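Content type mmCIF, C-alpha atoms, from the file final_1.cif:
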data_protein
#
loop_
_atom_site.label_atom_id
_atom_site.label_comp_id
_atom_site.auth_asym_id
_atom_site.auth_seq_id
_atom_site.Cartn_x
_atom_site.Cartn_y
_atom_site.Cartn_z
CA MET A 1 0.00 0.00 0.00
CA ASN A 2 0.99 3.65 -0.39
CA ASP A 3 2.32 4.70 3.04
CA ASP A 4 1.69 8.38 2.30
CA VAL A 5 -2.00 8.28 1.35
CA LEU A 6 -4.67 5.86 2.51
CA LEU A 7 -7.47 5.40 -0.02
CA MET A 8 -10.73 4.80 1.84
CA ILE A 9 -12.99 5.58 -1.09
CA PRO A 10 -15.29 3.26 -3.05
CA GLY A 11 -12.46 2.67 -5.54
CA PRO A 12 -9.78 2.83 -6.65
CA THR A 13 -8.58 1.02 -3.55
CA ASN A 14 -5.24 0.39 -1.90
CA VAL A 15 -3.09 -2.10 -3.84
CA PRO A 16 -1.11 -4.72 -1.85
CA THR A 17 2.64 -4.89 -2.29
CA ALA A 18 2.49 -8.39 -3.82
CA VAL A 19 0.12 -7.13 -6.51
CA LEU A 20 2.26 -4.07 -7.24
CA GLU A 21 5.30 -6.31 -7.59
CA ALA A 22 3.46 -8.57 -10.04
CA ILE A 23 2.37 -5.57 -12.11
CA GLY A 24 5.97 -4.33 -12.11
CA GLN A 25 7.36 -7.54 -13.61
CA PRO A 26 8.62 -7.45 -17.22
CA THR A 27 5.76 -7.47 -19.71
CA MET A 28 5.23 -10.91 -21.21
CA TYR A 29 4.32 -11.62 -24.83
CA HIS A 30 0.53 -11.60 -25.04
CA ARG A 31 0.45 -14.30 -27.76
CA GLY A 32 2.89 -16.63 -26.05
CA PRO A 33 2.36 -19.73 -23.89
CA GLU A 34 3.30 -17.94 -20.64
CA PHE A 35 0.46 -15.46 -21.05
CA SER A 36 -1.96 -18.22 -22.08
CA ALA A 37 -1.19 -20.04 -18.83
CA LEU A 38 -1.73 -16.82 -16.85
CA LEU A 39 -5.04 -16.18 -18.61
CA ASP A 40 -6.22 -19.70 -17.79
CA LYS A 41 -5.21 -19.29 -14.14
CA CYS A 42 -7.06 -15.97 -13.89
CA ASN A 43 -10.16 -17.43 -15.56
CA ARG A 44 -10.26 -20.28 -13.05
CA GLY A 45 -9.81 -17.90 -10.14
CA LEU A 46 -12.50 -15.55 -11.39
CA ARG A 47 -14.92 -18.45 -11.79
CA THR A 48 -14.45 -19.19 -8.10
CA VAL A 49 -15.11 -15.59 -7.07
CA PHE A 50 -18.08 -15.24 -9.45
CA GLN A 51 -19.40 -18.65 -8.32
CA THR A 52 -19.99 -19.75 -11.88
CA SER A 53 -19.03 -22.65 -14.13
CA GLN A 54 -18.95 -20.29 -17.11
CA ASP A 55 -15.87 -18.54 -18.45
CA VAL A 56 -15.21 -15.07 -17.08
CA LEU A 57 -13.92 -12.83 -19.85
CA ILE A 58 -11.23 -10.25 -19.06
CA LEU A 59 -11.60 -6.97 -20.94
CA SER A 60 -9.03 -4.19 -20.96
CA SER A 61 -11.39 -1.39 -19.96
CA SER A 62 -13.03 0.19 -16.96
CA GLY A 63 -16.01 -1.44 -15.32
CA THR A 64 -18.29 0.80 -17.38
CA GLY A 65 -16.82 -0.80 -20.50
CA GLY A 66 -17.79 -4.20 -19.14
CA VAL A 67 -21.34 -2.99 -18.46
CA GLU A 68 -21.56 -1.60 -22.00
CA ALA A 69 -20.27 -4.91 -23.36
CA ALA A 70 -22.94 -6.89 -21.50
CA ILE A 71 -25.73 -4.59 -22.64
CA THR A 72 -24.67 -4.31 -26.29
CA ASN A 73 -24.24 -8.08 -26.63
CA LEU A 74 -27.64 -8.91 -25.13
CA VAL A 75 -29.96 -5.96 -25.85
CA ASN A 76 -31.05 -4.90 -29.34
CA PRO A 77 -32.46 -1.59 -30.55
CA ASP A 78 -36.19 -1.29 -29.68
CA ASP A 79 -35.97 -4.00 -27.00
CA ARG A 80 -37.88 -3.04 -23.89
CA VAL A 81 -35.73 -3.08 -20.78
CA LEU A 82 -36.35 -2.23 -17.14
CA ALA A 83 -33.60 -0.23 -15.42
CA ILE A 84 -33.48 0.36 -11.67
CA ARG A 85 -32.39 3.93 -10.97
CA GLY A 86 -31.35 4.11 -7.32
CA GLY A 87 -28.09 5.97 -7.81
CA LYS A 88 -25.51 7.12 -10.33
CA PHE A 89 -24.51 3.68 -11.56
CA GLY A 90 -28.01 2.29 -11.99
CA GLU A 91 -28.75 5.42 -13.98
CA ARG A 92 -25.65 4.80 -16.09
CA MET A 93 -26.83 1.30 -17.05
CA GLY A 94 -30.12 2.64 -18.38
CA GLU A 95 -28.38 5.47 -20.22
CA ILE A 96 -26.10 3.00 -22.00
CA ALA A 97 -29.13 0.96 -23.10
CA GLU A 98 -30.87 4.13 -24.32
CA ARG A 99 -27.77 5.20 -26.24
CA TYR A 100 -27.94 1.95 -28.22
CA GLY A 101 -31.63 2.31 -28.99
CA ALA A 102 -33.31 0.24 -26.30
CA LEU A 103 -36.66 1.39 -24.90
CA VAL A 104 -35.98 1.95 -21.21
CA THR A 105 -38.59 1.98 -18.49
CA TRP A 106 -37.14 3.43 -15.32
CA VAL A 107 -37.78 2.10 -11.82
CA GLU A 108 -37.34 5.12 -9.58
CA VAL A 109 -35.85 4.27 -6.19
CA ALA A 110 -35.26 6.95 -3.56
CA PRO A 111 -31.55 7.50 -2.83
CA GLY A 112 -30.53 5.41 0.14
CA LYS A 113 -33.31 2.87 -0.44
CA ALA A 114 -33.37 -0.50 -2.18
CA ALA A 115 -35.79 -1.49 -4.93
CA GLU A 116 -39.06 -2.98 -3.69
CA PRO A 117 -39.56 -6.48 -5.18
CA HIS A 118 -43.33 -5.96 -5.59
CA GLN A 119 -42.63 -2.77 -7.56
CA ILE A 120 -40.47 -4.70 -10.02
CA ALA A 121 -43.01 -7.53 -10.30
CA ASP A 122 -45.87 -5.08 -10.93
CA LEU A 123 -44.02 -3.40 -13.78
CA LEU A 124 -42.99 -6.69 -15.38
CA ALA A 125 -46.58 -7.94 -15.18
CA ARG A 126 -47.91 -5.01 -17.22
CA ARG A 127 -45.99 -5.65 -20.45
CA PRO A 128 -43.20 -7.89 -21.75
CA PHE A 129 -39.60 -6.80 -21.22
CA LYS A 130 -36.42 -8.25 -22.69
CA ALA A 131 -34.09 -7.50 -19.77
CA VAL A 132 -33.78 -6.08 -16.28
CA LEU A 133 -30.70 -3.94 -15.56
CA PHE A 134 -29.59 -3.29 -12.00
CA VAL A 135 -26.62 -2.69 -9.75
CA GLN A 136 -25.66 -5.08 -6.97
CA ASN A 137 -23.90 -2.47 -4.85
CA GLU A 138 -24.61 1.22 -5.51
CA THR A 139 -21.51 3.08 -4.31
CA SER A 140 -23.14 6.48 -4.75
CA THR A 141 -25.61 5.67 -1.95
CA GLY A 142 -24.10 2.75 -0.01
CA VAL A 143 -27.02 0.42 -0.80
CA THR A 144 -26.80 -3.27 -1.75
CA GLN A 145 -29.79 -4.71 -3.61
CA ASN A 146 -31.37 -8.08 -2.82
CA VAL A 147 -29.94 -9.63 -5.97
CA ALA A 148 -31.31 -13.14 -5.50
CA THR A 149 -34.89 -11.91 -5.10
CA LEU A 150 -34.76 -9.46 -7.99
CA ALA A 151 -33.17 -12.05 -10.28
CA LYS A 152 -35.90 -14.58 -9.47
CA ILE A 153 -38.65 -12.06 -10.21
CA ALA A 154 -37.03 -11.17 -13.51
CA HIS A 155 -36.77 -14.81 -14.52
CA ASP A 156 -40.37 -15.47 -13.53
CA TYR A 157 -41.24 -13.00 -16.30
CA ARG A 158 -38.69 -14.50 -18.73
CA CYS A 159 -36.40 -11.48 -18.57
CA VAL A 160 -32.64 -11.53 -18.99
CA THR A 161 -30.81 -10.18 -15.94
CA ILE A 162 -27.80 -7.89 -16.42
CA LEU A 163 -26.04 -7.14 -13.15
CA ASP A 164 -23.40 -4.49 -12.42
CA CYS A 165 -21.18 -5.99 -9.70
CA VAL A 166 -18.29 -3.61 -10.31
CA SER A 167 -17.97 -2.51 -6.68
CA GLY A 168 -19.42 -5.50 -4.85
CA MET A 169 -17.82 -8.55 -6.43
CA GLY A 170 -15.11 -9.97 -4.19
CA GLY A 171 -16.49 -8.21 -1.11
CA ILE A 172 -20.14 -9.29 -1.13
CA PRO A 173 -21.13 -12.82 -2.25
CA VAL A 174 -22.72 -13.18 -5.69
CA LYS A 175 -23.97 -16.68 -6.52
CA THR A 176 -24.05 -16.23 -10.26
CA ASP A 177 -25.15 -19.73 -11.28
CA GLU A 178 -27.33 -20.50 -8.26
CA TRP A 179 -29.27 -17.26 -8.63
CA GLY A 180 -29.50 -17.65 -12.42
CA ILE A 181 -27.97 -14.28 -13.32
CA ASP A 182 -27.45 -13.99 -17.07
CA ALA A 183 -24.73 -11.33 -17.23
CA VAL A 184 -22.45 -10.31 -14.36
CA VAL A 185 -19.88 -7.54 -14.67
CA SER A 186 -17.12 -6.48 -12.29
CA GLY A 187 -13.97 -4.35 -12.36
CA SER A 188 -10.40 -4.45 -11.13
CA GLN A 189 -10.11 -1.36 -8.92
CA LYS A 190 -12.46 -2.34 -6.11
CA ALA A 191 -12.37 -5.51 -4.00
CA PHE A 192 -9.97 -7.13 -6.48
CA MET A 193 -7.24 -4.80 -5.12
CA LEU A 194 -5.91 -3.71 -8.52
CA PRO A 195 -5.50 -0.37 -10.27
CA PRO A 196 -8.28 0.57 -12.72
CA GLY A 197 -8.19 -0.89 -16.21
CA LEU A 198 -9.76 -4.36 -16.26
CA ALA A 199 -13.39 -5.44 -16.50
CA PHE A 200 -14.68 -8.99 -15.95
CA VAL A 201 -17.81 -10.37 -17.64
CA SER A 202 -19.57 -13.71 -17.31
CA LEU A 203 -22.61 -14.82 -19.34
CA SER A 204 -25.05 -17.67 -18.78
CA GLU A 205 -25.79 -20.19 -21.53
CA ARG A 206 -29.04 -18.34 -22.26
CA ALA A 207 -27.11 -15.10 -22.57
CA TRP A 208 -24.59 -16.65 -24.96
CA GLU A 209 -27.47 -17.74 -27.21
CA LEU A 210 -28.74 -14.14 -27.28
CA ALA A 211 -25.26 -12.81 -27.98
CA ARG A 212 -24.99 -15.01 -31.06
CA THR A 213 -28.10 -13.38 -32.57
CA ARG A 214 -27.61 -9.79 -31.39
CA LYS A 215 -28.34 -6.88 -33.73
CA THR A 216 -26.60 -4.11 -31.80
CA PRO A 217 -23.32 -3.20 -33.54
CA THR A 218 -20.15 -3.66 -31.50
CA TYR A 219 -16.53 -4.38 -32.32
CA TYR A 220 -14.07 -4.00 -29.44
CA PHE A 221 -16.68 -5.31 -26.99
CA ASP A 222 -17.76 -8.30 -29.10
CA LEU A 223 -18.02 -11.00 -26.43
CA ILE A 224 -18.39 -13.79 -28.96
CA GLU A 225 -14.94 -12.92 -30.32
CA ALA A 226 -13.57 -12.63 -26.79
CA ARG A 227 -14.81 -16.12 -25.98
CA LYS A 228 -13.34 -17.58 -29.17
CA SER A 229 -9.98 -16.04 -28.31
CA LEU A 230 -10.11 -17.31 -24.73
CA GLU A 231 -10.55 -20.85 -26.04
CA LYS A 232 -7.15 -20.36 -27.72
CA GLY A 233 -5.59 -18.88 -24.59
CA GLN A 234 -5.67 -15.34 -25.93
CA THR A 235 -7.65 -12.12 -26.05
CA PRO A 236 -8.98 -10.69 -29.33
CA TRP A 237 -7.21 -7.36 -28.88
CA THR A 238 -4.01 -6.35 -27.12
CA PRO A 239 -4.68 -6.83 -23.41
CA ALA A 240 -3.40 -4.85 -20.42
CA VAL A 241 -0.77 -7.52 -19.81
CA ASN A 242 0.76 -6.14 -16.62
CA LEU A 243 -2.61 -5.57 -15.00
CA ILE A 244 -3.49 -9.19 -15.75
CA GLN A 245 -0.18 -10.20 -14.14
CA GLY A 246 -1.38 -8.25 -11.10
CA LEU A 247 -4.78 -9.97 -11.29
CA GLY A 248 -3.06 -13.33 -10.95
CA ALA A 249 -1.42 -12.10 -7.75
CA SER A 250 -4.61 -10.57 -6.33
CA LEU A 251 -6.56 -13.78 -6.96
CA ASP A 252 -3.80 -15.70 -5.19
CA LEU A 253 -4.25 -13.47 -2.14
CA MET A 254 -8.06 -13.74 -2.17
CA LEU A 255 -8.17 -17.50 -2.60
CA ALA A 256 -5.42 -18.07 -0.03
CA GLU A 257 -7.44 -16.05 2.50
CA GLY A 258 -10.54 -18.02 1.52
CA MET A 259 -13.59 -16.33 0.07
CA ASP A 260 -15.73 -17.00 3.16
CA HIS A 261 -13.17 -15.13 5.25
CA VAL A 262 -12.95 -12.34 2.67
CA TYR A 263 -16.71 -11.85 2.87
CA ALA A 264 -16.66 -12.01 6.67
CA ARG A 265 -13.89 -9.39 6.79
CA HIS A 266 -15.93 -7.02 4.61
CA ALA A 267 -19.05 -7.64 6.70
CA ALA A 268 -17.05 -6.85 9.85
CA ALA A 269 -15.79 -3.62 8.32
CA GLY A 270 -19.28 -2.55 7.27
CA ARG A 271 -20.67 -3.26 10.74
CA ALA A 272 -17.76 -1.51 12.47
CA VAL A 273 -17.89 1.67 10.42
CA ARG A 274 -21.68 1.97 10.69
CA ARG A 275 -21.66 1.56 14.48
CA ALA A 276 -18.75 3.97 14.85
CA MET A 277 -20.49 6.63 12.80
CA GLN A 278 -23.67 6.23 14.83
CA SER A 279 -21.63 6.53 18.04
CA LEU A 280 -20.58 9.97 16.79
CA GLY A 281 -24.20 11.03 16.67
CA LEU A 282 -24.35 10.81 12.87
CA ARG A 283 -27.20 9.44 10.74
CA LEU A 284 -26.52 6.71 8.23
CA PHE A 285 -27.75 7.50 4.73
CA ALA A 286 -28.48 3.98 3.48
CA ASP A 287 -31.44 1.92 4.68
CA PRO A 288 -29.90 -0.26 7.45
CA ALA A 289 -31.58 -3.37 6.02
CA TYR A 290 -29.62 -2.92 2.77
CA ALA A 291 -26.49 -1.11 3.98
CA SER A 292 -23.41 -2.05 2.00
CA ASN A 293 -20.47 -3.97 3.43
CA VAL A 294 -18.01 -2.28 1.07
CA VAL A 295 -18.99 1.39 1.41
CA THR A 296 -20.73 3.30 4.21
CA SER A 297 -22.68 6.47 3.41
CA VAL A 298 -23.28 8.99 6.19
CA HIS A 299 -25.16 12.28 6.53
CA ALA A 300 -22.82 15.16 7.32
CA PRO A 301 -23.59 16.80 10.69
CA GLU A 302 -25.81 19.86 10.73
CA GLY A 303 -23.79 22.93 9.79
CA ILE A 304 -20.82 20.99 8.36
CA SER A 305 -20.37 20.35 4.64
CA SER A 306 -19.08 16.94 3.69
CA THR A 307 -16.91 18.79 1.15
CA SER A 308 -15.06 20.46 4.04
CA LEU A 309 -14.72 17.16 5.88
CA VAL A 310 -13.25 15.35 2.87
CA LYS A 311 -10.72 18.12 2.19
CA GLN A 312 -9.66 18.60 5.81
CA LEU A 313 -9.23 14.87 6.34
CA ALA A 314 -7.02 14.58 3.27
CA ASP A 315 -4.92 17.59 4.28
CA ASP A 316 -4.43 16.61 7.92
CA ALA A 317 -4.47 12.81 7.99
CA HIS A 318 -3.69 11.93 4.36
CA ILE A 319 -6.77 9.70 4.35
CA ILE A 320 -9.04 10.04 1.32
CA ILE A 321 -12.78 9.45 1.68
CA SER A 322 -15.50 10.42 -0.81
CA ASN A 323 -17.96 13.26 -0.98
CA GLY A 324 -21.52 12.72 -2.11
CA GLN A 325 -22.23 12.67 -5.84
CA GLY A 326 -24.58 14.95 -7.76
CA GLU A 327 -27.29 16.42 -5.56
CA LEU A 328 -25.76 14.65 -2.54
CA LYS A 329 -22.46 16.51 -2.80
CA GLY A 330 -21.81 18.40 0.41
CA ARG A 331 -24.60 16.50 2.18
CA ILE A 332 -23.15 13.03 2.69
CA PHE A 333 -19.73 11.43 2.86
CA ARG A 334 -18.77 7.90 1.94
CA ILE A 335 -16.12 5.64 3.48
CA GLY A 336 -14.93 2.77 1.33
CA HIS A 337 -13.81 -0.48 2.95
CA MET A 338 -13.11 -2.94 0.19
CA GLY A 339 -10.17 -5.04 -0.89
CA ALA A 340 -6.93 -4.55 1.05
CA PHE A 341 -7.74 -3.42 4.60
CA ASP A 342 -7.61 -4.73 8.15
CA GLU A 343 -8.79 -3.76 11.62
CA GLU A 344 -6.05 -1.15 12.02
CA THR A 345 -6.92 0.48 8.69
CA ILE A 346 -10.60 0.76 9.54
CA THR A 347 -10.04 1.99 13.10
CA ARG A 348 -7.48 4.59 12.02
CA THR A 349 -9.90 5.92 9.41
CA VAL A 350 -12.79 6.17 11.87
CA GLU A 351 -10.68 7.97 14.47
CA ALA A 352 -9.33 10.41 11.87
CA VAL A 353 -12.85 11.17 10.60
CA ALA A 354 -13.98 11.82 14.17
CA ARG A 355 -11.03 14.11 14.91
CA THR A 356 -11.67 16.07 11.74
CA LEU A 357 -15.36 16.44 12.56
CA ALA A 358 -14.42 17.68 16.03
CA LEU A 359 -12.05 20.20 14.46
CA LEU A 360 -14.90 21.40 12.23
CA GLY A 361 -17.17 21.93 15.23
CA HIS A 362 -19.04 18.65 15.75
CA ALA A 363 -19.04 17.56 19.38
CA CYS A 364 -17.77 13.97 19.52
CA ASP A 365 -15.22 11.66 21.15
CA PRO A 366 -12.73 10.27 18.58
CA THR A 367 -11.21 7.79 21.04
CA ALA A 368 -14.59 6.35 21.96
CA ALA A 369 -15.50 6.06 18.28
CA ALA A 370 -12.29 4.15 17.60
CA THR A 371 -13.04 1.80 20.49
CA THR A 372 -16.59 1.20 19.22
CA CYS A 373 -15.19 0.47 15.76
CA MET A 374 -12.61 -1.98 17.07
CA GLU A 375 -15.09 -3.87 19.22
CA ALA A 376 -17.64 -4.13 16.40
CA TYR A 377 -14.99 -5.30 13.96
CA ARG A 378 -13.82 -8.06 16.31
CA GLN A 379 -17.33 -9.45 16.67
#
With the file now loaded, output its structure as structure tokens.
Amino acid sequence: MNDDVLLMIPGPTNVPTAVLEAIGQPTMYHRGPEFSALLDKCNRGLRTVFQTSQDVLILSSSGTGGVEAAITNLVNPDDRVLAIRGGKFGERMGEIAERYGALVTWVEVAPGKAAEPHQIADLLARRPFKAVLFVQNETSTGVTQNVATLAKIAHDYRCVTILDCVSGMGGIPVKTDEWGIDAVVSGSQKAFMLPPGLAFVSLSERAWELARTRKTPTYYFDLIEARKSLEKGQTPWTPAVNLIQGLGASLDLMLAEGMDHVYARHAAAGRAVRRAMQSLGLRLFADPAYASNVVTSVHAPEGISSTSLVKQLADDAHIIISNGQGELKGRIFRIGHMGAFDEETITRTVEAVARTLALLGHACDPTAAATTCMEAYRQ
């Protein structure tokens, strides 16, 4: 990790030394046997994290590129799709579909809330839809959707499910095959503990059949071509070789820790940060029933802008947290706890946030908040 700055934002996240060292190795030939073996290793590791028997394609792009790839390979112009808008990234999914000519019906969800299953079922019962687009973990609000329930409802109405797991995968369990999710997308710079630049996409058998008959034009994000290349141990276009070398190292770390422990560690962090913030007399922004284990969103205290908090914390403690986005800027702040962190990292962040709030005029006890955080984490 960078000893000078601690990234406690919802991505990019801190990168472990072992991953940085792997990225810094000499670049290997992307058409040679060494890279083919690395690609196979990464595919097997990603299958474990995604909990799928299907291949997981590695794209050299941001997570948004992976989301665009999933949508353009499965949704055609004039297809009716349902998009859940509960934050910036759910909105982005629907906007991508609209850009490519799909007919989007929006499900409006209040910021900080999760989608109501009956609301989704009611809309799907009114008319046929091709697909349902939604985000597993909305980092703009700190809300995690009930993916299993929403996926089941979508399938009951014969809809394809396209799921953005960019920020949640690797920190919050996603049972891709068991829950019958047709397209799952994630990215490198979150719980995978890598710099930005890689997207990961898995498709179900049903989704692959749709991809073979798609009408939406695409070239770089043609998943059929990506799958053909993977069968030969390659990628269709020049990949981000060194990032994939880092991916091999990050998967080694995750699988050595054990995914159950990885999930438990993220759950402990989510619980600890939420309780610590409440002990400071602050209100959580996300509905507690759906509060995320990888990012905590908190209302700024009365009379204090979250913009001031974020800046002061960075200047004084060299710890970076996130402001609110859009209309929430200045009103909430967000603490990321995903990927490479431990009890000390979380506790230090909480204490620094409390000290900064006290400096800005909020009456609180930083030491007590740190103690609350530590005790909750150890549970």
*Would you work out the distance separating atom CA of A:Ala211 from atom CA of A:Arg80, expressed in Å to one decimal?*
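Between atom CA of A:Ala211 and atom CA of A:Arg80 the gap is 16.5 Å.
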_Near-A:Thr371 list (12 Å; all atoms listed in the file; drop same-chain fewer than 2 positions) as a VMD selection string_ = chain A and resid 272 to 273 275 to 277 279 to 280 343 to 344 346 to 348 350 to 351 354 365 to 369 373 to 378
*Just how far from atom CA of A:Ala358 is atom CA of A:Gly281, in Å to one decimal?*
11.8 Å
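Here atom CA of A:Val109 stands at a distance of 20.3 Å from atom CA of A:Val67.
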*Mind checking which residues fall within 12 Å of A:Ala69, counting only C-alpha atoms, ignoring those fewer than 4 positions away in the same chain, and posting them as a PyMOL selection string?*
chain A and resi 57-65+73-75+93+96-97+100+162-164+183-186+199-203+211+214+216-226
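Considering the residues A:Gly142, A:Gly303, A:Gly233, A:Gly94 and counting only C-alpha atoms, A:Pro111 has its shortest atom-to-atom contact with A:Gly142.
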*May I ask which of the residues A:Arg206, A:Glu231, A:Glu327, A:Leu284 is the closest one to A:Asp55, counting all atoms listed in the file?*
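Of the candidates, the smallest distance to A:Asp55 is held by A:Glu231.
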*asked:* Which residues would end up in the selection if the PyMOL selection byres ((chain A and resi 175) around 10) were applied here, given that I need the answer as a ChimeraX atom specification?
replied: /A:48-52,147-148,172-174,176-181
*Distance query stretch 115-120 of chain A at most 8 Å, all atoms listed in the file, self and fewer than 3 positions along chain excluded, as a list in words*: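 Contacts, with the query itself left out: Ile84, Gly86, Val107, Val109, Leu123, Leu124, Gln145, Thr149, Leu150 and Ile153 of chain A.
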Could the residues of stretch 7-66 of chain A that have an atom at most 12 Å from stretch 330-333 of chain A be listed as CSV, each with its closest atom pair and the distance in Å to one decimal, counting all atoms listed in the file and ordered by chain and ascending residue number?
residue,atom,partner,partner_atom,distance
A:Met8,CA,A:Phe333,CA,11.2
A:Ile9,CA,A:Phe333,CA,9.8
A:Pro10,CA,A:Phe333,CA,11.0
*How would you write, as a PyMOL selection string, the residues chosen by the PyMOL selection byres ((chain A and resi 190) around 10) on this structure?*
chain A and resi 9-15+63+166-171+186-189+191-196+294+336-340
